[in-house]
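Participant: Right, I'll just put the structure down here and ask away after.
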Amino acid sequence: MSGLRVREMTLADCDRVAEIRTRGWQSAYQGLIPQSYLDGLSVEEDAEHRRTYLSQGDDSVVNLVAEDTGGEIVGWVCHGPYRDGEVVTGDAELYAIYVHPDQVGQGVGRTLLTESVTRCTAAGHGRLLLWVLKGNDRARRFYERAGFRADGAEEPFEVDGVAVPEVRYARTLPR
């Protein structure tokens with residue numbers, strides 16, 4: 001999608017980012033996560049969580065939004081330090097990337113991911129890691145096309161009493 005502008009997220013963006021994240025979960029994780037959980041997601045609660053988190057000013061976490069040519073936010077990405085348990089490593093982690101369901105396949109995700117990779121490289125991180133639901137084939141293909149590879153690590157993730165395994169992907173960043 002040409003004409004996208006990526007910029008830092010502000011408090012004023014929280015409602016739209018919460019809508020994108022919530023609708024993204026409900027769309028991308030249908031059939032992978034219990035429907036009762038997806039149906040119970042609240043845009044308002046997510047927005048309040050984002051406002052609280054952004055207000056705390058954790059400078060180690062980068063939140064970016066993508067705007068279309070009309071100024072509407074169509075995607076959001078968040079990255080920061082990778083934690084191995086409680087230990088912060090020299091690597092970075094892509095915590096989240098969501099595109100409004102109406103915009104999937106239009107290059108928004110690729111643009112946001114490219115910007116995160118660029119910023120993590122500039123910050124001197126050796127690798128960018130992320131966790132993805134093992135059964136989320138579409139997302140896994142997206143990351144693989146962007147140069148990420150599953151590194152063999154798996155982690156249990158439980159939603160409403162249902163095990164939903166995640167796999168870790170990694171991409172070495174240029175020095």
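Ordered as shown in the structure tokens, chains take letters A, B, and onward, while each chain numbers its residues from 1 and ligands are numbered from 1 in the order shown.
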What's around range 41-51 of chain A at 7 Å? Count only C-alpha atoms, leave out sequence neighbours fewer than 3 positions away in its own chain, and write the answer as a PyMOL selection string.

Facilitator: chain A and resi 11+14-15+18-19+22+37-38+54-55

Participant: Tell me, which residues of range 45-121 of chain A carry DSSP strand (DSSP E or B), written as a PyMOL selection string?

Facilitator: chain A and resi 62-67+73-84+87-99

Participant: For Pro156 in chain A, work out the shell of residues within 9 Å, counting only C-alpha atoms and skipping chain neighbours fewer than 2 positions away, then give it as a VMD selection string.

Facilitator: chain A and resid 154 158 163 to 167

Participant: Go ahead and save the residues from that selection, with N, CA and C atoms, as an mmCIF file, in the first residue's frame.

Facilitator:
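Written file, result37.cif:
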data_model
loop_
_atom_site.group_PDB
_atom_site.id
_atom_site.type_symbol
_atom_site.label_atom_id
_atom_site.label_comp_id
_atom_site.auth_asym_id
_atom_site.auth_seq_id
_atom_site.Cartn_x
_atom_site.Cartn_y
_atom_site.Cartn_z
ATOM 1 N N GLU A 154 9.467 -23.567 21.675
ATOM 2 C CA GLU A 154 8.009 -23.558 21.783
ATOM 3 C C GLU A 154 7.639 -23.211 23.206
ATOM 4 N N GLU A 158 -2.034 -20.584 27.285
ATOM 5 C CA GLU A 158 -3.340 -21.122 27.630
ATOM 6 C C GLU A 158 -4.385 -20.013 27.582
ATOM 7 N N ALA A 163 -5.005 -25.227 25.679
ATOM 8 C CA ALA A 163 -3.604 -25.038 25.311
ATOM 9 C C ALA A 163 -3.513 -24.572 23.865
ATOM 10 N N VAL A 164 -2.828 -23.460 23.662
ATOM 11 C CA VAL A 164 -2.614 -22.897 22.330
ATOM 12 C C VAL A 164 -1.104 -22.664 22.215
ATOM 13 N N PRO A 165 -0.367 -23.634 21.684
ATOM 14 C CA PRO A 165 1.091 -23.495 21.671
ATOM 15 C C PRO A 165 1.578 -22.394 20.740
ATOM 16 N N GLU A 166 2.676 -21.775 21.175
ATOM 17 C CA GLU A 166 3.343 -20.759 20.369
ATOM 18 C C GLU A 166 4.728 -21.269 19.970
ATOM 19 N N VAL A 167 5.205 -20.795 18.844
ATOM 20 C CA VAL A 167 6.561 -21.091 18.401
ATOM 21 C C VAL A 167 7.306 -19.766 18.266
#

Participant: Show me, as a compact mmCIF listing (two decimals) with all heavy atoms, in the first residue's frame, the residues that have an atom within 9 Å of range 70-75 of chain A when counting only C-alpha atoms, minus same-chain residues fewer than 2 positions from it.

Facilitator:
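Produced file out_18.txt, reproduced below:
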# COMPACT_ATOMS: atom_id res chain seq x y z
N LEU A 4 1.50 5.09 2.86
CA LEU A 4 1.43 4.87 4.30
C LEU A 4 2.45 5.74 5.01
O LEU A 4 3.56 5.95 4.51
CB LEU A 4 1.73 3.42 4.65
CG LEU A 4 0.62 2.41 4.44
CD1 LEU A 4 1.13 1.02 4.77
CD2 LEU A 4 -0.60 2.73 5.28
N ARG A 5 2.07 6.21 6.16
CA ARG A 5 2.98 6.97 7.01
C ARG A 5 3.07 6.24 8.34
O ARG A 5 2.04 5.95 8.95
CB ARG A 5 2.46 8.39 7.22
CG ARG A 5 3.36 9.24 8.10
CD ARG A 5 2.88 10.68 8.12
NE ARG A 5 1.90 10.89 9.16
CZ ARG A 5 2.13 11.52 10.31
NH1 ARG A 5 3.33 12.00 10.57
NH2 ARG A 5 1.17 11.69 11.19
N ASP A 13 -4.26 7.91 19.99
CA ASP A 13 -4.41 6.76 19.09
C ASP A 13 -4.94 5.51 19.78
O ASP A 13 -5.24 4.53 19.11
CB ASP A 13 -3.05 6.41 18.45
CG ASP A 13 -2.46 7.56 17.67
OD1 ASP A 13 -3.22 8.34 17.06
OD2 ASP A 13 -1.21 7.66 17.66
N ARG A 16 -8.30 3.73 18.56
CA ARG A 16 -8.20 3.10 17.24
C ARG A 16 -7.28 1.88 17.28
O ARG A 16 -7.59 0.85 16.67
CB ARG A 16 -7.72 4.12 16.20
CG ARG A 16 -7.56 3.56 14.81
CD ARG A 16 -8.86 3.08 14.20
NE ARG A 16 -8.61 2.63 12.83
CZ ARG A 16 -9.46 1.97 12.10
NH1 ARG A 16 -10.65 1.67 12.58
NH2 ARG A 16 -9.15 1.61 10.87
N VAL A 17 -6.17 1.98 18.00
CA VAL A 17 -5.26 0.83 18.12
C VAL A 17 -5.97 -0.32 18.83
O VAL A 17 -5.85 -1.47 18.42
CB VAL A 17 -3.95 1.23 18.84
CG1 VAL A 17 -3.14 0.00 19.24
CG2 VAL A 17 -3.12 2.14 17.93
N ILE A 20 -8.23 -1.98 16.35
CA ILE A 20 -7.47 -2.80 15.40
C ILE A 20 -6.98 -4.08 16.06
O ILE A 20 -7.09 -5.16 15.49
CB ILE A 20 -6.29 -1.97 14.83
CG1 ILE A 20 -6.84 -0.91 13.87
CG2 ILE A 20 -5.27 -2.88 14.12
CD1 ILE A 20 -5.82 0.14 13.46
N ARG A 21 -6.46 -3.97 17.28
CA ARG A 21 -5.95 -5.15 17.98
C ARG A 21 -7.08 -6.13 18.29
O ARG A 21 -6.96 -7.33 18.04
CB ARG A 21 -5.24 -4.75 19.27
CG ARG A 21 -4.63 -5.94 19.99
CD ARG A 21 -3.95 -5.51 21.30
NE ARG A 21 -3.53 -6.66 22.04
CZ ARG A 21 -4.32 -7.41 22.81
NH1 ARG A 21 -5.60 -7.10 22.94
NH2 ARG A 21 -3.85 -8.45 23.45
N LEU A 64 4.33 1.90 17.29
CA LEU A 64 4.21 2.65 16.04
C LEU A 64 2.86 2.38 15.41
O LEU A 64 2.31 1.28 15.55
CB LEU A 64 5.30 2.22 15.05
CG LEU A 64 6.75 2.32 15.52
CD1 LEU A 64 7.67 1.63 14.53
CD2 LEU A 64 7.13 3.77 15.72
N VAL A 65 2.33 3.37 14.71
CA VAL A 65 1.09 3.19 13.96
C VAL A 65 1.35 3.52 12.49
O VAL A 65 2.25 4.29 12.17
CB VAL A 65 -0.07 4.06 14.50
CG1 VAL A 65 -0.45 3.63 15.91
CG2 VAL A 65 0.27 5.54 14.45
N ALA A 66 0.55 2.91 11.63
CA ALA A 66 0.57 3.22 10.20
C ALA A 66 -0.73 3.93 9.86
O ALA A 66 -1.81 3.45 10.21
CB ALA A 66 0.71 1.95 9.37
N GLU A 67 -0.59 5.08 9.19
CA GLU A 67 -1.74 5.85 8.74
C GLU A 67 -1.83 5.76 7.22
O GLU A 67 -0.82 5.80 6.53
CB GLU A 67 -1.58 7.32 9.10
CG GLU A 67 -1.61 7.63 10.55
CD GLU A 67 -1.43 9.13 10.81
OE1 GLU A 67 -0.73 9.81 10.04
OE2 GLU A 67 -2.00 9.59 11.80
N ASP A 68 -3.07 5.69 6.73
CA ASP A 68 -3.26 5.74 5.28
C ASP A 68 -3.22 7.19 4.81
O ASP A 68 -3.01 8.11 5.62
CB ASP A 68 -4.55 5.01 4.86
CG ASP A 68 -5.82 5.67 5.38
OD1 ASP A 68 -5.79 6.84 5.85
OD2 ASP A 68 -6.88 5.02 5.31
N VAL A 77 2.23 -1.66 15.50
CA VAL A 77 3.29 -2.60 15.83
C VAL A 77 3.96 -2.14 17.12
O VAL A 77 4.00 -0.93 17.41
CB VAL A 77 4.33 -2.72 14.68
CG1 VAL A 77 5.12 -1.44 14.50
CG2 VAL A 77 5.25 -3.90 14.88
N ILE A 97 1.92 -7.13 16.29
CA ILE A 97 1.70 -6.42 15.03
C ILE A 97 0.29 -6.78 14.58
O ILE A 97 -0.05 -7.96 14.48
CB ILE A 97 2.76 -6.76 13.96
CG1 ILE A 97 2.54 -5.94 12.68
CG2 ILE A 97 2.82 -8.25 13.68
CD1 ILE A 97 3.70 -6.01 11.70
N TYR A 98 -0.53 -5.76 14.38
CA TYR A 98 -1.91 -5.97 13.96
C TYR A 98 -2.28 -4.97 12.88
O TYR A 98 -1.89 -3.80 12.94
CB TYR A 98 -2.89 -5.83 15.14
CG TYR A 98 -2.76 -6.99 16.09
CD1 TYR A 98 -1.95 -6.90 17.22
CD2 TYR A 98 -3.40 -8.19 15.84
CE1 TYR A 98 -1.80 -7.98 18.07
CE2 TYR A 98 -3.25 -9.28 16.68
CZ TYR A 98 -2.45 -9.16 17.79
OH TYR A 98 -2.28 -10.24 18.62
N VAL A 99 -3.03 -5.45 11.93
CA VAL A 99 -3.53 -4.64 10.83
C VAL A 99 -5.05 -4.76 10.86
O VAL A 99 -5.59 -5.84 11.13
CB VAL A 99 -2.97 -5.15 9.49
CG1 VAL A 99 -3.60 -4.43 8.31
CG2 VAL A 99 -1.45 -5.00 9.46
N HIS A 100 -5.73 -3.66 10.60
CA HIS A 100 -7.19 -3.73 10.55
C HIS A 100 -7.58 -4.82 9.56
O HIS A 100 -7.03 -4.88 8.46
CB HIS A 100 -7.78 -2.38 10.15
CG HIS A 100 -9.25 -2.33 10.35
ND1 HIS A 100 -10.15 -2.91 9.46
CD2 HIS A 100 -9.99 -1.82 11.35
CE1 HIS A 100 -11.36 -2.73 9.92
NE2 HIS A 100 -11.30 -2.08 11.06
N PRO A 101 -8.53 -5.70 9.92
CA PRO A 101 -8.90 -6.81 9.04
C PRO A 101 -9.25 -6.39 7.61
O PRO A 101 -8.99 -7.14 6.67
CB PRO A 101 -10.10 -7.44 9.75
CG PRO A 101 -9.87 -7.14 11.19
CD PRO A 101 -9.25 -5.77 11.21
N ASP A 102 -9.80 -5.20 7.42
CA ASP A 102 -10.12 -4.72 6.07
C ASP A 102 -8.88 -4.39 5.25
O ASP A 102 -8.97 -4.22 4.03
CB ASP A 102 -11.01 -3.46 6.13
CG ASP A 102 -12.37 -3.74 6.72
OD1 ASP A 102 -12.78 -4.92 6.78
OD2 ASP A 102 -13.04 -2.77 7.13
N GLN A 103 -7.73 -4.26 5.90
CA GLN A 103 -6.50 -3.85 5.24
C GLN A 103 -5.48 -5.00 5.08
O GLN A 103 -4.41 -4.79 4.51
CB GLN A 103 -5.84 -2.71 6.02
CG GLN A 103 -6.68 -1.48 6.14
CD GLN A 103 -6.87 -0.78 4.82
OE1 GLN A 103 -5.97 -0.71 4.00
NE2 GLN A 103 -8.07 -0.27 4.59
N VAL A 108 0.32 -3.18 4.69
CA VAL A 108 0.43 -2.45 5.95
C VAL A 108 1.35 -3.20 6.91
O VAL A 108 2.27 -2.61 7.51
CB VAL A 108 -0.96 -2.22 6.59
CG1 VAL A 108 -0.82 -1.52 7.94
CG2 VAL A 108 -1.86 -1.42 5.66
N GLY A 109 1.11 -4.48 7.09
CA GLY A 109 1.94 -5.28 7.99
C GLY A 109 3.39 -5.30 7.56
O GLY A 109 4.29 -5.16 8.40
N LEU A 112 4.97 -1.94 8.49
CA LEU A 112 5.22 -1.84 9.93
C LEU A 112 6.38 -2.74 10.36
O LEU A 112 7.24 -2.33 11.15
CB LEU A 112 3.96 -2.19 10.71
CG LEU A 112 2.86 -1.13 10.70
CD1 LEU A 112 1.55 -1.72 11.22
CD2 LEU A 112 3.27 0.09 11.50

Participant: So, with only C-alpha atoms as the atoms that count, which of A:Arg168, A:Trp76, A:Arg175, A:Leu129 lies closest to Gly24 in chain A?

Facilitator: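 Smallest separation from Gly24 in chain A among the options: A:Trp76.
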
Participant: Of the candidates A:Tyr143, A:Tyr169, A:Tyr29, A:Tyr53, which one gets nearest to Thr114 in chain A if we count only C-alpha atoms?

Facilitator: A:Tyr143

Participant: So which one's closest to Val117 in chain A, A:Ala150, A:Ala92, A:Ala28, A:Val159? Using only C-alpha atoms, please.

Facilitator: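 The answer is A:Ala92, which sits nearest to Val117 in chain A.
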
Participant: Restricting the calculation to only C-alpha atoms, which member of A:Arg138, A:Arg171, A:Arg149, A:Arg119 is positioned closest to Ser27 in chain A?

Facilitator: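 Ranked by minimum distance to Ser27 in chain A, first place goes to A:Arg138.
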
Participant: Looking at A:Thr52, A:Ser60, A:Ser36, A:Thr111, which one is nearest to Ala123 in chain A, with distances taken over only C-alpha atoms?

Facilitator: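 Smallest distance to Ala123 in chain A is found for A:Ser60.
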
Participant: Please report, as a ChimeraX atom specification, each residue of range 11-175 of chain A to which DSSP assigns alpha helix (DSSP H) when run on this structure's backbone.

Facilitator: /A:14-28,35-39,43-56,108-122,137-145

Participant: Kindly give the distance, in Å, that separates CA of Pro174 in chain A and CA of Thr118 in chain A, rounded to a single decimal.

Facilitator: 9.7 Å

Participant: Which one is closest to Leu113 in chain A: A:Leu133, A:Ala12, A:Ala146, A:Ala170? Count only C-alpha atoms.

Facilitator: A:Ala146

Participant: Any idea what the distance is between CA of Met9 in chain A and CA of Gly107 in chain A?

Facilitator: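 CA of Gly107 in chain A lies at a distance of 19.1 Å from CA of Met9 in chain A.
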
Participant: By how many Å are CA of Asp58 in chain A and CA of Tyr95 in chain A apart?

Facilitator: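 Between these atoms lies a distance of 14.0 Å.
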